[in-house]
Structure formats: structure tokens, C-alpha cells
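Only one structure is covered here, and it is reproduced in the block below.
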Amino acid sequence: MGRQMSAGVLAYQRQMGCPSRMDNMVNIFDIGEPGKVVKVADQRQFYKEWLNSIRNG
């Protein structure tokens, strides 16, 4: 839902065990800290783990 409302410029910043919320949106073009920039494969793995964390609560 957030992607549609933000023209694809915003993304959810997810936290383990917490559902996505509109106030957790970040601009995908903001400059990030070097230690926080990760590969796409790492993002996919985190997403799978995050899904499990909210399902198993």
C-alpha cells in the first residue's frame, strides 16, 4: 500500500517482530550509513526472517 501512495520512492523500514506501519517509511534515495547498506540477497533473507517473526509473534 505504501508503495502505491508514495510513487515507489518510499519503503518500509522493518523491525523483527513488528508489523509494518506507515510511520516506518523511509525514502529509498536517502543517503544511508555505509554499515547499513546491504546486498539484495541479504534484504530477501531478512524479509523471510521478518515474516516469520510476525507470524510466530
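Residues in the C-alpha cells are numbered from 1 in each chain, the chains being A, B, ... in the order shown, and ligands are numbered from 1 in the order shown.
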
Within 12 Å of A:Arg14, counting only C-alpha atoms, which residues show up once you throw out same-chain ones fewer than 5 positions away? Write them as a short mmCIF file (atom, residue, chain, number, x, y, z; two decimals) with N, CA and C atoms, in the first residue's frame, please.
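Wrote it out as selection.cif, contents follow:
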data_model
loop_
_atom_site.label_atom_id
_atom_site.label_comp_id
_atom_site.auth_asym_id
_atom_site.auth_seq_id
_atom_site.Cartn_x
_atom_site.Cartn_y
_atom_site.Cartn_z
N PRO A 19 4.87 -5.43 13.01
CA PRO A 19 4.23 -5.27 11.71
C PRO A 19 4.62 -3.94 11.06
N SER A 20 4.50 -3.86 9.75
CA SER A 20 4.81 -2.61 9.03
C SER A 20 3.78 -1.55 9.37
N ARG A 21 4.25 -0.32 9.49
CA ARG A 21 3.37 0.81 9.76
C ARG A 21 3.80 1.98 8.88
N MET A 22 2.85 2.85 8.58
CA MET A 22 3.14 4.00 7.72
C MET A 22 4.21 4.91 8.31
N ASP A 23 4.33 4.96 9.64
CA ASP A 23 5.35 5.84 10.22
C ASP A 23 6.74 5.21 10.19
N ASN A 24 6.86 4.01 9.61
CA ASN A 24 8.16 3.35 9.44
C ASN A 24 8.64 3.44 8.00
N MET A 25 8.14 4.42 7.26
CA MET A 25 8.52 4.57 5.86
C MET A 25 9.80 5.41 5.76
N VAL A 26 10.67 5.02 4.82
CA VAL A 26 11.90 5.76 4.57
C VAL A 26 12.04 5.99 3.07
N GLN A 43 18.74 -8.58 1.93
CA GLN A 43 17.42 -8.00 2.15
C GLN A 43 16.33 -9.06 2.04
N PHE A 46 16.46 -11.24 5.18
CA PHE A 46 15.89 -10.52 6.31
C PHE A 46 14.37 -10.50 6.21
N TYR A 47 13.83 -10.28 5.01
CA TYR A 47 12.38 -10.24 4.82
C TYR A 47 11.74 -11.57 5.21
N LYS A 48 12.35 -12.68 4.81
CA LYS A 48 11.82 -14.00 5.18
C LYS A 48 11.83 -14.17 6.70
N GLU A 49 12.93 -13.78 7.32
CA GLU A 49 13.02 -13.88 8.78
C GLU A 49 12.02 -12.96 9.46
N TRP A 50 11.84 -11.77 8.90
CA TRP A 50 10.88 -10.82 9.46
C TRP A 50 9.46 -11.38 9.37
N LEU A 51 9.10 -11.95 8.22
CA LEU A 51 7.77 -12.56 8.07
C LEU A 51 7.54 -13.62 9.13
N SER A 53 8.93 -13.77 11.99
CA SER A 53 8.88 -13.15 13.32
C SER A 53 7.50 -12.57 13.63
N ILE A 54 6.80 -12.07 12.61
CA ILE A 54 5.47 -11.52 12.89
C ILE A 54 4.40 -12.62 12.85
#

- [ ] Using DSSP on the backbone coordinates, identify all residues within chain A classified as helix (DSSP H, G or I); present the result as an MDAnalysis selection string.
- [x] chainID A and resid 2:5 22:24 34:36 40:55

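Atom CA of A:Asn56 sits 10.9 Å away from atom CA of A:Met16.
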
Task: Atomic distance atom CA of A:Arg55 - atom CA of A:Cys18, expressed in Å with one decimal - done: 10.0 Å

Open item on the list: Please list as a PyMOL selection string every residue within 7 Å of A:Asn27, counting only C-alpha atoms and excluding residues in the same chain fewer than 2 positions away.
Closed with: chain A and resi 9-11+25+29-30

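Picture a line from atom CA of A:Gly8 to atom CA of A:Gly57; it runs 28.6 Å.
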
TODO: Could you tell me, as a PyMOL selection string, which residues of chain A DSSP assigns to strand (DSSP E or B) when given the backbone?
DONE: chain A and resi 10-12+15+18+25-27

Any chance you could export the current selection's C-alpha atoms as a PDB file, in the first residue's frame?
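Writing the result to out_36.pdb gives the following:
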ATOM      1  CA  LEU A  10       9.329   5.112  -0.016  1.00  0.00           C
ATOM      2  CA  ALA A  11       9.829   1.695   1.563  1.00  0.00           C
ATOM      3  CA  TYR A  12       9.044   0.194   4.945  1.00  0.00           C
ATOM      4  CA  GLN A  15      11.918  -4.456  12.597  1.00  0.00           C
ATOM      5  CA  CYS A  18       6.828  -5.601  14.483  1.00  0.00           C
ATOM      6  CA  MET A  25       8.522   4.568   5.860  1.00  0.00           C
ATOM      7  CA  VAL A  26      11.903   5.764   4.566  1.00  0.00           C
ATOM      8  CA  ASN A  27      12.949   7.374   1.300  1.00  0.00           C
TER       9      ASN A  27
END
